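All remarks here apply to the structure that follows.
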Amino acid sequence: MARNFHMDASQRLFHNDFDFGDGNVLVSASGPLDGLWSSPVETVYFRLHISMLEMNSIAFADMFSMPQGNRTGDQPVIHLQDPLDHVIKLFKSIYQGGSWPQGLLSREKWDYIVPVLTLTDKYDMRLLALRLLPGLLEDWPTTLREWDGVDERTRSIVRTAAEQKEQDPSRPSPDDLLPEPVTAIKLGQADPEARSVLPAAFYHLSRISYTRPEGPEDPYFVGPEVFRSANYSLLSSEDWVRLVRGQARIRWWLFNLAEYYKFALHLPPCPRQMYEDEEVMDGTEEIMDSDNEGDEWIPDPCGREDWWYDRVAPQILKIAANRMVDVLENLKSIRSFVDRVERRDDEICHRCRLSFGEWLDESRRKFWMQLPSFFDLGEYPNWGT
């Protein structure tokens, strides 16, 4: 990183990209040149334009409206107390707009933009912040359709990175490549414009393990489970309460989902149901019940309740008992299982199987809509839209 700096005739150390010949203000910041805190601290100067700072920052505009006591010749000198690497990123964002890392699901993007957003808040640079924020918000969407797309891409990155790291430990881990959820939570709590990331970030945090296997003999990647981590040291006690309560509510939601009678009334009637003197056809099969008298009717003629308790409810309860619970992905798997059922005389009828699949899709949508309430995050009027 030292090659990005040069010493001028006054023995001041300048950043190569921000030493403009027509600049009319000197701004300085201190920190290690290579960004490593173990390295020596240096003071670096930036020769900038007052007009650029005034245009992007209300705080700087107010500052320059007052007489500047610290000057070098006819140029005012301002020393910033912020970390040097953060200041460099800020000036790159101002002078080289759009030069920050781009792309969906990039840890590098978050490591770059979050420090800049901290400074945009400090120096009242709201327009710059509004240009930077969308690149972060897209990683933690508010709609289920967008979440499914992001999550599918995340899983692809995780699988590829974990397999590569298992073969070559020097390769980056999935966490080196993907956004870190607690950083997103802290951003959402600090910036009202970023509050929309909280439900998805808390949900992701709730579905990953707090611990990983220790020791070189433990594989990094085992079957479908890949270790993902988070910066738990940033979580406050209130955050932990939200997280643990959310996990408990999610498991309770699953337990309720497994109970057939709690949703059976929302399913359309089985086409095999029939009242006296009424015949209902299911495909080419005619179902008759000689014991059906008067207004008595067959509540479960194709055995769908028994099938649910025998084939589906155990899967849901097993999911709820897992160490890590990813409801949205698990319900997709159960939906696929229902779709693959081969029709036999002792299985549910075709129409009821389709109804179960549609109901599972609707359950996923309802689950997504409840994410803010699971984690006590307050009102989200536009959530899911």
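Ordering of the structure tokens sets the chain letters (A, B, ...), residue numbers begin anew at 1 in every chain, and ligands are numbered from 1 in the order given.
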
Surrounding residues of Val338 of chain A excluding itself and chain neighbours under 5 positions, 12 Å, only C-alpha atoms, as a ChimeraX atom specification: /A:304,307-308,311-313,315,331-333,343,347-361

Written file, previous selection with N, CA and C atoms, as a PDB file, in the first residue's frame:
ATOM      1  N   ARG A 304     -56.025 -38.691   3.577  1.00  0.00           N
ATOM      2  CA  ARG A 304     -54.989 -37.662   3.557  1.00  0.00           C
ATOM      3  C   ARG A 304     -54.523 -37.287   4.953  1.00  0.00           C
ATOM      4  N   TRP A 307     -52.082 -39.927   5.941  1.00  0.00           N
ATOM      5  CA  TRP A 307     -50.882 -39.755   5.119  1.00  0.00           C
ATOM      6  C   TRP A 307     -50.039 -38.590   5.631  1.00  0.00           C
ATOM      7  N   TRP A 308     -50.687 -37.498   6.011  1.00  0.00           N
ATOM      8  CA  TRP A 308     -49.958 -36.345   6.554  1.00  0.00           C
ATOM      9  C   TRP A 308     -49.190 -36.728   7.812  1.00  0.00           C
ATOM     10  N   ARG A 311     -46.359 -39.402   6.800  1.00  0.00           N
ATOM     11  CA  ARG A 311     -45.312 -39.095   5.823  1.00  0.00           C
ATOM     12  C   ARG A 311     -44.744 -37.687   5.918  1.00  0.00           C
ATOM     13  N   VAL A 312     -45.543 -36.713   6.347  1.00  0.00           N
ATOM     14  CA  VAL A 312     -45.092 -35.316   6.307  1.00  0.00           C
ATOM     15  C   VAL A 312     -44.812 -34.758   7.705  1.00  0.00           C
ATOM     16  N   ALA A 313     -45.748 -34.938   8.638  1.00  0.00           N
ATOM     17  CA  ALA A 313     -45.563 -34.374   9.977  1.00  0.00           C
ATOM     18  C   ALA A 313     -44.251 -34.817  10.622  1.00  0.00           C
ATOM     19  N   GLN A 315     -41.413 -35.350   9.230  1.00  0.00           N
ATOM     20  CA  GLN A 315     -40.346 -34.550   8.638  1.00  0.00           C
ATOM     21  C   GLN A 315     -40.298 -33.150   9.261  1.00  0.00           C
ATOM     22  N   LEU A 331     -39.056 -26.170   3.948  1.00  0.00           N
ATOM     23  CA  LEU A 331     -40.394 -26.284   3.364  1.00  0.00           C
ATOM     24  C   LEU A 331     -40.326 -26.503   1.858  1.00  0.00           C
ATOM     25  N   LYS A 332     -39.320 -25.953   1.215  1.00  0.00           N
ATOM     26  CA  LYS A 332     -39.137 -26.246  -0.208  1.00  0.00           C
ATOM     27  C   LYS A 332     -38.851 -27.727  -0.417  1.00  0.00           C
ATOM     28  N   SER A 333     -38.049 -28.321   0.480  1.00  0.00           N
ATOM     29  CA  SER A 333     -37.731 -29.746   0.368  1.00  0.00           C
ATOM     30  C   SER A 333     -38.974 -30.606   0.582  1.00  0.00           C
ATOM     31  N   ARG A 343     -48.802 -41.898  -7.034  1.00  0.00           N
ATOM     32  CA  ARG A 343     -50.177 -42.180  -6.664  1.00  0.00           C
ATOM     33  C   ARG A 343     -50.418 -43.689  -6.623  1.00  0.00           C
ATOM     34  N   GLU A 347     -52.685 -44.177  -1.180  1.00  0.00           N
ATOM     35  CA  GLU A 347     -52.126 -42.847  -0.973  1.00  0.00           C
ATOM     36  C   GLU A 347     -53.227 -41.799  -1.142  1.00  0.00           C
ATOM     37  N   ILE A 348     -52.872 -40.548  -0.844  1.00  0.00           N
ATOM     38  CA  ILE A 348     -53.843 -39.476  -1.044  1.00  0.00           C
ATOM     39  C   ILE A 348     -54.161 -39.330  -2.526  1.00  0.00           C
ATOM     40  N   CYS A 349     -55.328 -38.785  -2.797  1.00  0.00           N
ATOM     41  CA  CYS A 349     -55.725 -38.592  -4.195  1.00  0.00           C
ATOM     42  C   CYS A 349     -54.918 -37.442  -4.811  1.00  0.00           C
ATOM     43  N   HIS A 350     -54.952 -37.389  -6.115  1.00  0.00           N
ATOM     44  CA  HIS A 350     -54.163 -36.398  -6.847  1.00  0.00           C
ATOM     45  C   HIS A 350     -54.524 -34.974  -6.439  1.00  0.00           C
ATOM     46  N   ARG A 351     -55.818 -34.685  -6.309  1.00  0.00           N
ATOM     47  CA  ARG A 351     -56.246 -33.331  -5.982  1.00  0.00           C
ATOM     48  C   ARG A 351     -55.768 -32.920  -4.598  1.00  0.00           C
ATOM     49  N   CYS A 352     -55.813 -33.839  -3.626  1.00  0.00           N
ATOM     50  CA  CYS A 352     -55.365 -33.508  -2.267  1.00  0.00           C
ATOM     51  C   CYS A 352     -53.854 -33.308  -2.223  1.00  0.00           C
ATOM     52  N   ARG A 353     -53.141 -34.091  -3.032  1.00  0.00           N
ATOM     53  CA  ARG A 353     -51.690 -33.890  -3.089  1.00  0.00           C
ATOM     54  C   ARG A 353     -51.364 -32.495  -3.617  1.00  0.00           C
ATOM     55  N   LEU A 354     -52.077 -32.067  -4.647  1.00  0.00           N
ATOM     56  CA  LEU A 354     -51.873 -30.709  -5.159  1.00  0.00           C
ATOM     57  C   LEU A 354     -52.241 -29.669  -4.111  1.00  0.00           C
ATOM     58  N   SER A 355     -53.306 -29.931  -3.349  1.00  0.00           N
ATOM     59  CA  SER A 355     -53.725 -28.988  -2.308  1.00  0.00           C
ATOM     60  C   SER A 355     -52.659 -28.867  -1.226  1.00  0.00           C
ATOM     61  N   PHE A 356     -52.056 -29.998  -0.844  1.00  0.00           N
ATOM     62  CA  PHE A 356     -50.978 -29.952   0.147  1.00  0.00           C
ATOM     63  C   PHE A 356     -49.815 -29.101  -0.353  1.00  0.00           C
ATOM     64  N   GLY A 357     -49.445 -29.298  -1.627  1.00  0.00           N
ATOM     65  CA  GLY A 357     -48.338 -28.522  -2.184  1.00  0.00           C
ATOM     66  C   GLY A 357     -48.625 -27.034  -2.193  1.00  0.00           C
ATOM     67  N   GLU A 358     -49.843 -26.679  -2.591  1.00  0.00           N
ATOM     68  CA  GLU A 358     -50.229 -25.262  -2.608  1.00  0.00           C
ATOM     69  C   GLU A 358     -50.249 -24.698  -1.194  1.00  0.00           C
ATOM     70  N   TRP A 359     -50.712 -25.512  -0.254  1.00  0.00           N
ATOM     71  CA  TRP A 359     -50.761 -25.043   1.129  1.00  0.00           C
ATOM     72  C   TRP A 359     -49.357 -24.847   1.697  1.00  0.00           C
ATOM     73  N   LEU A 360     -48.402 -25.705   1.334  1.00  0.00           N
ATOM     74  CA  LEU A 360     -47.018 -25.534   1.784  1.00  0.00           C
ATOM     75  C   LEU A 360     -46.407 -24.266   1.196  1.00  0.00           C
ATOM     76  N   ASP A 361     -46.717 -23.969  -0.065  1.00  0.00           N
ATOM     77  CA  ASP A 361     -46.245 -22.717  -0.666  1.00  0.00           C
ATOM     78  C   ASP A 361     -46.810 -21.520   0.093  1.00  0.00           C
TER      79      ASP A 361
END

Could you give me, as a short mmCIF file (atom, residue, chain, number, x, y, z; two decimals) with C-alpha atoms, in the first residue's frame, each residue of segment 60-95 of chain A that DSSP assigns to strand (DSSP E) when run on this structure's backbone?
data_model
loop_
_atom_site.label_atom_id
_atom_site.label_comp_id
_atom_site.auth_asym_id
_atom_site.auth_seq_id
_atom_site.Cartn_x
_atom_site.Cartn_y
_atom_site.Cartn_z
CA ARG A 71 -3.37 27.15 7.28
CA THR A 72 -0.41 26.31 5.07
CA GLN A 75 -4.62 26.64 2.02
CA PRO A 76 -6.57 25.66 5.13
CA VAL A 77 -5.47 22.44 6.84
CA ILE A 78 -8.02 20.10 8.42
CA HIS A 79 -7.08 16.98 10.37
CA LEU A 80 -9.69 14.23 10.60
CA GLN A 81 -9.72 11.90 13.62
CA ASP A 82 -11.14 9.02 11.58
CA PRO A 83 -9.12 5.92 10.59
#

Residue neighbourhood Asp239 of chain A, 12 Å, only C-alpha atoms, exclusion window fewer than 6 positions, as a ChimeraX atom specification: /A:182,185-186,189,198,201-202,205-206,232-233,245-246,375-377

Which residue of A:Asp34, A:Glu42, A:Leu53, A:Pro314 approaches Arg12 of chain A most closely, using only C-alpha atoms: A:Glu42

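Residues in contact range of segment 151-154 of chain A, defined as at most 8 Å between only C-alpha atoms, with sequence neighbours fewer than 3 positions away removed, read Leu105, Trp147, Asp148, Ile157, Val158 and Leu178 of chain A.
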
Residues as selected, C-alpha atoms, written as a PDB file, in the first residue's frame, can you do that?
ATOM      1  CA  LEU A 105     -23.297 -11.023  -2.013  1.00  0.00           C
ATOM      2  CA  TRP A 147     -34.775 -13.968  -0.885  1.00  0.00           C
ATOM      3  CA  ASP A 148     -35.084 -17.276  -2.756  1.00  0.00           C
ATOM      4  CA  ILE A 157     -21.065 -19.929  -3.370  1.00  0.00           C
ATOM      5  CA  VAL A 158     -20.946 -21.817  -0.054  1.00  0.00           C
ATOM      6  CA  LEU A 178     -20.173 -13.544   1.778  1.00  0.00           C
TER       7      LEU A 178
END

Contacts of Lys318 of chain A at 10 Å (only C-alpha atoms; same-chain gap of 5+ positions) as number ranges by chain: A: 254-255, 313, 325

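Closest to Lys366 of chain A among A:Trp253, A:Phe337, A:Phe5, A:Phe60 is A:Trp253, based on only C-alpha atoms.
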
One-decimal distance in Å that lies between atom CA of Thr143 of chain A and atom CA of Arg365 of chain A: 9.3 Å

Nearest candidate to Val87 of chain A (options A:Asn231, A:Ser30, A:Ser196, A:Ser57; using only C-alpha atoms): A:Ser30

Among listed residues A:Asn4, A:Thr183, A:Ser229, A:Ser173, nearest Thr160 of chain A (using only C-alpha atoms):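 Comparing A:Asn4, A:Thr183, A:Ser229, A:Ser173 against Thr160 of chain A, the winner is A:Ser173.
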
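Atom to atom, atom CA of Met369 of chain A and atom CA of Val241 of chain A stand 20.6 Å apart.
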
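Between atom CA of Arg251 of chain A and atom CA of Pro179 of chain A the interatomic distance comes to 25.6 Å.
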
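Comparing A:Asp326, A:Glu259, A:Glu108, A:Asp191 by their smallest distance to Ile208 of chain A, the closest is A:Asp326 (using only C-alpha atoms).
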